[in-house]
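Engineer: Sharing run_30.cif (mmCIF, C-alpha atoms) below.
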```cif
data_start
loop_
_atom_site.label_atom_id
_atom_site.label_comp_id
_atom_site.auth_asym_id
_atom_site.auth_seq_id
_atom_site.Cartn_x
_atom_site.Cartn_y
_atom_site.Cartn_z
CA MET D 128 5.97 -12.71 21.64
CA TYR D 129 3.73 -15.80 21.95
CA LEU D 130 1.12 -13.99 24.07
CA ARG D 131 1.05 -11.15 21.55
CA THR D 132 0.61 -13.61 18.69
CA ILE D 133 -2.29 -15.35 20.47
CA LEU D 134 -3.91 -11.97 21.18
CA VAL D 135 -3.70 -10.85 17.56
CA TRP D 136 -5.14 -14.04 16.09
CA THR D 137 -7.85 -14.65 18.69
CA LEU D 138 -9.15 -11.07 18.58
CA GLY D 139 -8.15 -10.17 15.02
CA LEU D 140 -10.16 -12.91 13.30
CA PRO D 141 -13.56 -12.00 14.83
CA VAL D 142 -12.86 -8.30 14.26
CA THR D 143 -12.13 -9.10 10.61
CA GLY D 144 -15.44 -10.95 10.27
CA VAL D 145 -17.48 -8.19 11.87
CA LEU D 146 -15.89 -5.42 9.81
CA PHE D 147 -16.39 -7.42 6.61
CA LEU D 148 -20.12 -7.48 7.37
CA VAL D 149 -19.95 -3.70 7.88
CA ILE D 150 -18.23 -3.42 4.50
CA LEU D 151 -21.04 -5.34 2.82
CA LEU D 152 -23.64 -3.09 4.48
CA SER D 153 -21.71 0.03 3.40
CA LEU D 154 -22.25 -0.95 -0.24
CA LEU D 155 -25.91 -0.04 0.19
CA ILE D 156 -24.94 3.65 0.37
CA ASP D 157 -21.54 3.80 -1.35
CA ARG D 158 -20.56 1.89 -4.48
CA GLU D 159 -17.40 3.92 -5.15
CA GLY D 160 -15.31 2.18 -2.50
CA GLY D 161 -14.53 5.15 -0.28
CA ARG D 162 -16.28 3.76 2.77
CA VAL D 163 -14.80 0.32 2.15
CA HIS D 164 -11.32 1.86 2.14
CA SER D 165 -12.05 3.73 5.39
CA ILE D 166 -13.38 0.59 7.08
CA GLY D 167 -10.29 -1.24 5.85
CA ALA D 168 -8.12 1.50 7.34
CA LEU D 169 -9.90 1.05 10.69
CA TRP D 170 -9.27 -2.71 10.51
CA CYS D 171 -5.59 -2.03 9.77
CA ARG D 172 -5.22 0.27 12.78
CA ILE D 173 -6.86 -2.32 15.05
CA ILE D 174 -4.50 -5.07 13.84
CA VAL D 175 -1.48 -2.78 14.22
CA LYS D 176 -2.52 -1.82 17.77
CA LEU D 177 -3.20 -5.44 18.77
CA SER D 178 0.25 -6.33 17.46
CA GLY D 179 1.92 -3.83 19.79
CA VAL D 180 3.27 -1.84 16.84
CA ARG D 181 3.84 1.89 17.31
CA VAL D 182 3.73 4.02 14.19
CA ARG D 183 5.37 7.39 13.65
CA LEU D 184 4.67 9.56 10.60
CA LYS D 185 7.18 12.03 9.21
CA GLY D 186 6.83 14.49 6.33
CA VAL D 187 3.03 14.25 6.06
CA GLU D 188 3.02 17.84 4.80
CA ASN D 189 4.51 16.47 1.54
CA LEU D 190 1.22 14.71 0.72
CA PRO D 191 -0.73 17.07 -1.57
CA SER D 192 -4.33 17.32 -0.42
CA GLU D 193 -5.66 19.12 -3.48
CA ARG D 194 -4.46 16.84 -6.30
CA PRO D 195 -3.91 13.12 -6.96
CA VAL D 196 -0.44 11.57 -6.94
CA VAL D 197 1.24 8.20 -7.44
CA MET D 198 2.75 7.14 -4.11
CA LEU D 199 5.65 4.70 -4.36
CA SER D 200 6.93 2.92 -1.26
CA ASN D 201 9.68 0.47 -0.42
CA HIS D 202 8.44 -2.93 0.78
CA ARG D 203 10.12 -4.52 3.82
CA GLY D 204 7.49 -6.67 5.50
CA ALA D 205 3.91 -7.93 5.61
CA PHE D 206 2.93 -5.08 7.95
CA ASP D 207 3.80 -2.40 5.37
CA ILE D 208 0.25 -2.74 4.03
CA PRO D 209 -1.71 -2.28 7.30
CA VAL D 210 0.65 0.46 8.44
CA LEU D 211 0.32 2.48 5.23
CA GLN D 212 -3.42 2.01 4.85
CA GLY D 213 -4.14 2.56 8.51
CA TYR D 214 -2.04 5.66 9.04
CA LEU D 215 -1.70 7.63 5.80
CA PRO D 216 -4.24 10.46 6.22
CA LEU D 217 -5.87 10.34 2.78
CA GLN D 218 -8.14 8.27 0.58
CA PHE D 219 -6.19 6.27 -1.96
CA ARG D 220 -6.38 3.02 -3.92
CA TRP D 221 -3.82 0.23 -3.97
CA VAL D 222 -2.38 -1.07 -7.23
CA SER D 223 -1.44 -4.66 -6.37
CA LYS D 224 -0.62 -8.03 -7.89
CA LYS D 225 -3.58 -10.17 -8.91
CA SER D 226 -2.88 -12.95 -6.39
CA LEU D 227 -3.71 -10.71 -3.41
CA PHE D 228 -7.28 -10.30 -4.66
CA LYS D 229 -7.83 -14.05 -4.26
CA ILE D 230 -7.29 -14.00 -0.47
CA PRO D 231 -10.63 -14.67 1.29
CA VAL D 232 -12.20 -11.61 2.96
CA VAL D 233 -9.12 -9.40 2.50
CA GLY D 234 -8.99 -9.87 -1.27
CA TRP D 235 -12.74 -9.55 -1.59
CA SER D 236 -12.60 -6.28 0.34
CA MET D 237 -9.85 -5.02 -1.96
CA SER D 238 -12.09 -5.61 -4.96
CA LEU D 239 -15.05 -3.91 -3.29
CA ALA D 240 -12.86 -0.89 -2.48
CA GLY D 241 -11.99 -0.47 -6.15
CA TYR D 242 -8.31 -1.35 -5.82
CA ILE D 243 -6.56 -2.14 -9.09
CA SER D 244 -5.36 -5.65 -9.94
CA ILE D 245 -2.22 -6.14 -12.04
CA ASP D 246 -1.73 -9.53 -13.71
CA ARG D 247 2.05 -9.79 -14.03
CA GLU D 248 1.81 -13.06 -15.94
CA ASN D 249 -0.23 -11.54 -18.76
CA SER D 250 1.13 -8.39 -20.42
CA PRO D 251 -2.14 -7.27 -22.12
CA ARG D 252 -4.05 -7.64 -18.84
CA ALA D 253 -1.28 -5.86 -16.95
CA TYR D 254 -1.51 -2.97 -19.42
CA ARG D 255 -5.30 -2.81 -18.95
CA GLY D 256 -4.74 -2.68 -15.19
CA ILE D 257 -2.43 0.30 -15.61
CA ILE D 258 -4.99 2.04 -17.86
CA ASN D 259 -7.67 1.48 -15.19
CA ALA D 260 -5.36 2.95 -12.57
CA ALA D 261 -4.67 5.98 -14.79
CA LYS D 262 -8.42 6.58 -15.13
CA LYS D 263 -8.85 6.58 -11.35
CA ILE D 264 -5.97 9.00 -10.93
CA LYS D 265 -7.37 11.39 -13.54
CA LYS D 266 -10.67 11.36 -11.63
CA GLY D 267 -8.78 12.61 -8.56
CA THR D 268 -7.87 9.45 -6.65
CA PRO D 269 -4.26 8.90 -5.47
CA VAL D 270 -2.82 5.39 -5.80
CA LEU D 271 -0.12 3.55 -3.87
CA ILE D 272 2.25 0.97 -5.34
CA PHE D 273 5.29 -1.04 -4.22
CA PRO D 274 7.63 -0.54 -7.22
CA GLU D 275 9.85 -3.43 -6.11
CA GLY D 276 6.88 -5.75 -6.59
CA THR D 277 7.74 -7.90 -3.57
CA ARG D 278 9.37 -7.68 -0.14
CA SER D 279 13.08 -6.91 -0.08
CA ALA D 280 15.61 -8.89 1.92
CA ALA D 281 17.81 -7.34 4.62
CA GLY D 282 16.45 -3.86 3.95
CA ARG D 283 17.97 -3.59 0.46
CA LEU D 284 15.98 -2.00 -2.33
CA LEU D 285 15.21 -4.48 -5.11
CA PRO D 286 15.10 -3.42 -8.77
CA PHE D 287 12.04 -1.33 -9.57
CA LYS D 288 9.38 -2.36 -12.08
CA LYS D 289 8.74 0.11 -14.92
CA GLY D 290 4.94 -0.07 -14.69
CA PRO D 291 4.50 2.44 -11.84
CA PHE D 292 6.58 5.05 -13.67
CA PHE D 293 4.72 4.51 -16.94
CA LEU D 294 1.51 4.99 -14.94
CA ALA D 295 2.74 8.23 -13.38
CA ARG D 296 3.76 9.65 -16.77
CA LYS D 297 0.51 8.58 -18.43
CA SER D 298 -1.50 10.16 -15.62
CA GLY D 299 0.58 13.35 -15.65
CA VAL D 300 0.83 13.52 -11.86
CA ASP D 301 3.70 13.80 -9.38
CA ILE D 302 5.33 10.81 -7.72
CA VAL D 303 5.49 10.91 -3.92
CA PRO D 304 8.24 8.63 -2.50
CA LEU D 305 7.48 6.82 0.75
CA CYS D 306 9.84 5.00 3.08
CA VAL D 307 8.78 2.41 5.67
CA THR D 308 11.21 1.14 8.30
CA GLY D 309 10.74 -1.25 11.21
CA THR D 310 8.23 -3.67 9.66
CA GLU D 311 10.65 -6.36 8.54
CA ASP D 312 10.75 -8.18 11.89
CA ILE D 313 7.08 -7.93 12.93
CA MET D 314 5.98 -11.04 11.05
CA LYS D 315 8.69 -12.96 9.23
CA LYS D 316 7.91 -14.47 5.84
CA GLY D 317 6.41 -17.94 6.32
CA SER D 318 5.65 -17.33 10.01
CA LEU D 319 2.49 -16.34 11.90
CA ALA D 320 4.39 -15.12 14.97
CA ILE D 321 3.94 -11.42 15.82
CA ARG D 322 6.74 -9.31 17.31
CA PRO D 323 5.99 -5.76 18.57
CA SER D 324 8.04 -3.06 16.87
CA GLU D 325 8.39 0.65 16.23
CA VAL D 326 7.63 1.65 12.65
CA THR D 327 8.39 4.92 10.90
CA VAL D 328 6.70 6.07 7.69
CA THR D 329 8.49 8.97 6.01
CA VAL D 330 6.89 10.91 3.16
CA GLY D 331 9.31 12.50 0.71
CA ARG D 332 8.89 15.57 -1.45
CA PRO D 333 6.85 15.14 -4.65
CA ILE D 334 8.80 14.37 -7.83
CA PRO D 335 7.36 16.07 -10.95
CA THR D 336 7.00 13.73 -13.93
CA LYS D 337 6.79 16.34 -16.68
CA GLY D 338 9.65 16.09 -19.17
CA LEU D 339 11.10 12.89 -17.71
CA ASP D 340 10.98 9.36 -19.12
CA GLU D 341 10.44 6.18 -17.10
CA GLU D 342 14.16 5.52 -16.58
CA ALA D 343 14.82 9.01 -15.27
CA LEU D 344 11.81 8.85 -12.94
CA MET D 345 12.90 5.44 -11.72
CA ASP D 346 16.36 6.75 -10.88
CA LYS D 347 15.05 9.86 -9.11
CA THR D 348 12.52 7.87 -7.09
CA ARG D 349 15.08 5.24 -6.11
CA GLU D 350 17.51 7.91 -4.93
CA ALA D 351 14.73 9.66 -3.01
CA ILE D 352 13.69 6.47 -1.18
CA LYS D 353 17.33 5.60 -0.47
CA GLY D 354 17.76 9.07 0.99
CA LEU D 355 14.70 8.59 3.21
CA LEU D 356 16.05 5.23 4.38
CA GLY D 357 19.21 6.96 5.51
CA SER D 358 17.49 9.92 7.17
#
```
Take the structure I supplied and represent it as structure tokens, if you would.
Structural biologist:
Amino acid sequence: MYLRTILVWTLGLPVTGVLFLVILLSLLIDREGGRVHSIGALWCRIIVKLSGVRVRLKGVENLPSERPVVMLSNHRGAFDIPVLQGYLPLQFRWVSKKSLFKIPVVGWSMSLAGYISIDRENSPRAYRGIINAAKKIKKGTPVLIFPEGTRSAAGRLLPFKKGPFFLARKSGVDIVPLCVTGTEDIMKKGSLAIRPSEVTVTVGRPIPTKGLDEEALMDKTREAIKGLLGS
């Protein structure tokens, strides 16, 4: 475990610096964030590989390639983010809490990629963030959100926030449930130690939003993710 941790931090930091320079250069030819997202996905795969994490994808055929969706995933560990960005085979944008955008290099890259910030402490700003996300979706860009809002303990699903379901209804697109397992022990909260693991990402069948309110969508999505956890 200690050798793996040393490997990740000694090689991961310079890789992060180099790829951030590549991100800045990519802005000369792409201001929409697509290349930044792809470079970020490459960085995620490198970090996952250095960490000795093996990733298996299931149900990828449930990801529509011809239309945007709102992807909603459970959140079990810090490595959910690099696993999902590095291995989901599509361009998407994260909808994340404002504090993540303040992280040096990583947060800056999120802004440059056009990810959407949600200020949970300020309702008007949070609403504007959702409206911005809806605009991106209507232009054809899928988004990914953790509806629990934070990491869950012991694998249990926490209560879902209503915002993601309001966003899906306002955008008029399907919800695609995602389930991540195996990330909870890779890097414990408050620790920098890395433990190799096997991770599975399962993509569920799309859930149509037409004719359903936020509560009904929340219930259907929760049941879908619980079903994927048990599969």
Engineer: Taking the file as shown, what set of residues would the PyMOL selection byres ((chain D and resi 232-240) around 7) give back, as a short mmCIF file (atom, residue, chain, number, x, y, z; two decimals) with C-alpha atoms, keeping the file's coordinate frame?
Structural biologist:
```
data_model
loop_
_atom_site.label_atom_id
_atom_site.label_comp_id
_atom_site.auth_asym_id
_atom_site.auth_seq_id
_atom_site.Cartn_x
_atom_site.Cartn_y
_atom_site.Cartn_z
CA PHE D 147 -16.39 -7.42 6.61
CA GLY D 160 -15.31 2.18 -2.50
CA GLY D 161 -14.53 5.15 -0.28
CA VAL D 163 -14.80 0.32 2.15
CA HIS D 164 -11.32 1.86 2.14
CA LEU D 227 -3.71 -10.71 -3.41
CA PHE D 228 -7.28 -10.30 -4.66
CA LYS D 229 -7.83 -14.05 -4.26
CA ILE D 230 -7.29 -14.00 -0.47
CA PRO D 231 -10.63 -14.67 1.29
CA GLY D 241 -11.99 -0.47 -6.15
CA TYR D 242 -8.31 -1.35 -5.82
#
```
Engineer: Produce a table with one row for each residue of range 160-234 of chain D that has an atom at most 8 Å from any atom of range 313-324 of chain D, each row naming the nearest atom pair and its distance in Å at one decimal; use only C-alpha atoms; arrange rows by chain and rising residue number; format as a tab-separated table.
Structural biologist:
```
residue	atom	partner	partner_atom	distance
D:Ser178	CA	D:Pro323	CA	5.9
D:Gly179	CA	D:Pro323	CA	4.7
D:Val180	CA	D:Ser324	CA	4.9
D:Arg181	CA	D:Ser324	CA	6.5
D:Gly204	CA	D:Met314	CA	7.2
D:Ala205	CA	D:Met314	CA	6.6
D:Phe206	CA	D:Ile313	CA	7.1
```
Engineer: Spell out the residues picked by the PyMOL selection byres ((chain D and resi 301) around 6) here, as an MDAnalysis selection string.
Structural biologist: chainID D and resid 196 300 302 333:336
Engineer: From the list D:Pro274, D:Pro269, D:Gly331, D:Gly144, which residue is nearest Gln218 in chain D when using all atoms listed in the file?
Structural biologist: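 Closest to Gln218 in chain D of all the choices is D:Pro269.
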Engineer: Within 8 Å of (10.0, -2.2, 6.4) (coordinates as in the file), grab all the protein and nucleic acid residues, counting only C-alpha atoms, and write them out as a PyMOL selection string.
Structural biologist: chain D and resi 201-204+206-207+282+306-311+326
Engineer: One number please: CA of Val142 in chain D to CA of Cys171 in chain D, in Å, one decimal.
Structural biologist: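 Computed distance, CA of Val142 in chain D to CA of Cys171 in chain D, equals 10.6 Å.
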Engineer: Applying the PyMOL selection byres ((chain D and resi 221) around 6) to the file I just gave you, which residues come out? Please list them as a list of chain:residue names.
Structural biologist: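 Listing what the PyMOL selection byres ((chain D and resi 221) around 6) selects in the shown file: D:Arg220, D:Val222, D:Ser223, D:Tyr242, D:Val270, D:Leu271.
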Engineer: Return the single residue from D:Ile245, D:Arg283, D:Ile156, D:Val175 that is closest to Thr132 in chain D, with distances computed using all atoms listed in the file.
Structural biologist: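 So, comparing all the options, the nearest one is D:Val175.
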Engineer: Considering all atoms listed in the file, state which residue in the set D:Ala295, D:Leu211, D:Ile133, D:Gly354 is at the smallest distance from Lys265 in chain D.
Structural biologist: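 Result for the nearest residue to Lys265 in chain D: D:Ala295.
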Engineer: Rounded to one decimal place, report the CA of Val330 in chain D-CA of Lys176 in chain D distance in Å.
Structural biologist: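 These two atoms are separated by 21.5 Å.
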Engineer: Looking at D:Leu169, D:Ile257, D:Leu284, D:Ser298, which one is nearest to Tyr214 in chain D, with distances taken over only C-alpha atoms?
Structural biologist: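 Looking at the shortest contact to Tyr214 in chain D, the residue is D:Leu169.
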Engineer: What gap, in Å, lies between CA of Leu339 in chain D and CA of Pro291 in chain D?
Structural biologist: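 Distance between the two atoms: 13.7 Å.
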Engineer: Rank nothing, just name the residue among D:Phe292, D:Phe287, D:Trp170, D:Trp136 nearest to Gly213 in chain D, using only C-alpha atoms.
Structural biologist: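 Using only C-alpha atoms, Gly213 in chain D sits closest to D:Trp170.
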Engineer: Report, as lines of an AutoDock Vina configuration file, the axis-aligned box around all atoms of range 299-306 of chain D present in the file, extended by 8 Å on each side; give centre and edge lengths in Å to one decimal place.
Structural biologist:
```
center_x = 5.2
center_y = 9.4
center_z = -6.3
size_x = 25.3
size_y = 24.8
size_z = 34.7
```
Engineer: How would range 187-204 of chain D read, as a tab-separated table (two decimals), in the frame of the given file, once N, CA, C and O atoms are built in?
Structural biologist:
```tsv
chain	number	residue	atom	x	y	z
D	187	VAL	N	4.40	14.33	6.57
D	187	VAL	CA	3.03	14.25	6.06
D	187	VAL	C	2.66	15.49	5.25
D	187	VAL	O	1.82	15.43	4.34
D	188	GLU	N	3.31	16.61	5.55
D	188	GLU	CA	3.02	17.84	4.80
D	188	GLU	C	3.38	17.71	3.32
D	188	GLU	O	2.97	18.54	2.49
D	189	ASN	N	4.14	16.68	2.95
D	189	ASN	CA	4.51	16.47	1.54
D	189	ASN	C	3.42	15.75	0.75
D	189	ASN	O	3.57	15.55	-0.46
D	190	LEU	N	2.34	15.34	1.42
D	190	LEU	CA	1.22	14.71	0.72
D	190	LEU	C	0.27	15.79	0.24
D	190	LEU	O	-0.41	16.42	1.05
D	191	PRO	N	0.19	16.04	-1.07
D	191	PRO	CA	-0.73	17.07	-1.57
D	191	PRO	C	-2.18	16.68	-1.29
D	191	PRO	O	-2.59	15.55	-1.55
D	192	SER	N	-2.94	17.60	-0.74
D	192	SER	CA	-4.33	17.32	-0.42
D	192	SER	C	-5.28	17.74	-1.54
D	192	SER	O	-6.43	17.31	-1.58
D	193	GLU	N	-4.77	18.55	-2.47
D	193	GLU	CA	-5.66	19.12	-3.48
D	193	GLU	C	-5.52	18.46	-4.85
D	193	GLU	O	-6.23	18.82	-5.78
D	194	ARG	N	-4.63	17.48	-4.99
D	194	ARG	CA	-4.46	16.84	-6.30
D	194	ARG	C	-4.00	15.39	-6.11
D	194	ARG	O	-3.37	15.06	-5.11
D	195	PRO	N	-4.32	14.53	-7.07
D	195	PRO	CA	-3.91	13.12	-6.96
D	195	PRO	C	-2.42	12.95	-7.25
D	195	PRO	O	-1.81	13.78	-7.93
D	196	VAL	N	-1.85	11.89	-6.72
D	196	VAL	CA	-0.44	11.57	-6.94
D	196	VAL	C	-0.30	10.05	-7.04
D	196	VAL	O	-1.22	9.30	-6.71
D	197	VAL	N	0.86	9.62	-7.50
D	197	VAL	CA	1.24	8.20	-7.44
D	197	VAL	C	2.25	8.06	-6.31
D	197	VAL	O	3.36	8.60	-6.38
D	198	MET	N	1.86	7.36	-5.26
D	198	MET	CA	2.75	7.14	-4.11
D	198	MET	C	3.50	5.82	-4.32
D	198	MET	O	2.88	4.80	-4.60
D	199	LEU	N	4.81	5.88	-4.17
D	199	LEU	CA	5.65	4.70	-4.36
D	199	LEU	C	6.45	4.44	-3.08
D	199	LEU	O	7.18	5.31	-2.62
D	200	SER	N	6.30	3.25	-2.54
D	200	SER	CA	6.93	2.92	-1.26
D	200	SER	C	7.84	1.71	-1.38
D	200	SER	O	7.58	0.79	-2.17
D	201	ASN	N	8.89	1.70	-0.57
D	201	ASN	CA	9.68	0.47	-0.42
D	201	ASN	C	8.82	-0.57	0.29
D	201	ASN	O	7.77	-0.26	0.86
D	202	HIS	N	9.26	-1.83	0.24
D	202	HIS	CA	8.44	-2.93	0.78
D	202	HIS	C	9.34	-3.84	1.60
D	202	HIS	O	10.12	-4.61	1.05
D	203	ARG	N	9.20	-3.78	2.94
D	203	ARG	CA	10.12	-4.52	3.82
D	203	ARG	C	9.46	-5.67	4.55
D	203	ARG	O	10.14	-6.59	5.00
D	204	GLY	N	8.14	-5.62	4.74
D	204	GLY	CA	7.49	-6.67	5.50
D	204	GLY	C	5.99	-6.69	5.28
D	204	GLY	O	5.41	-5.79	4.68
```
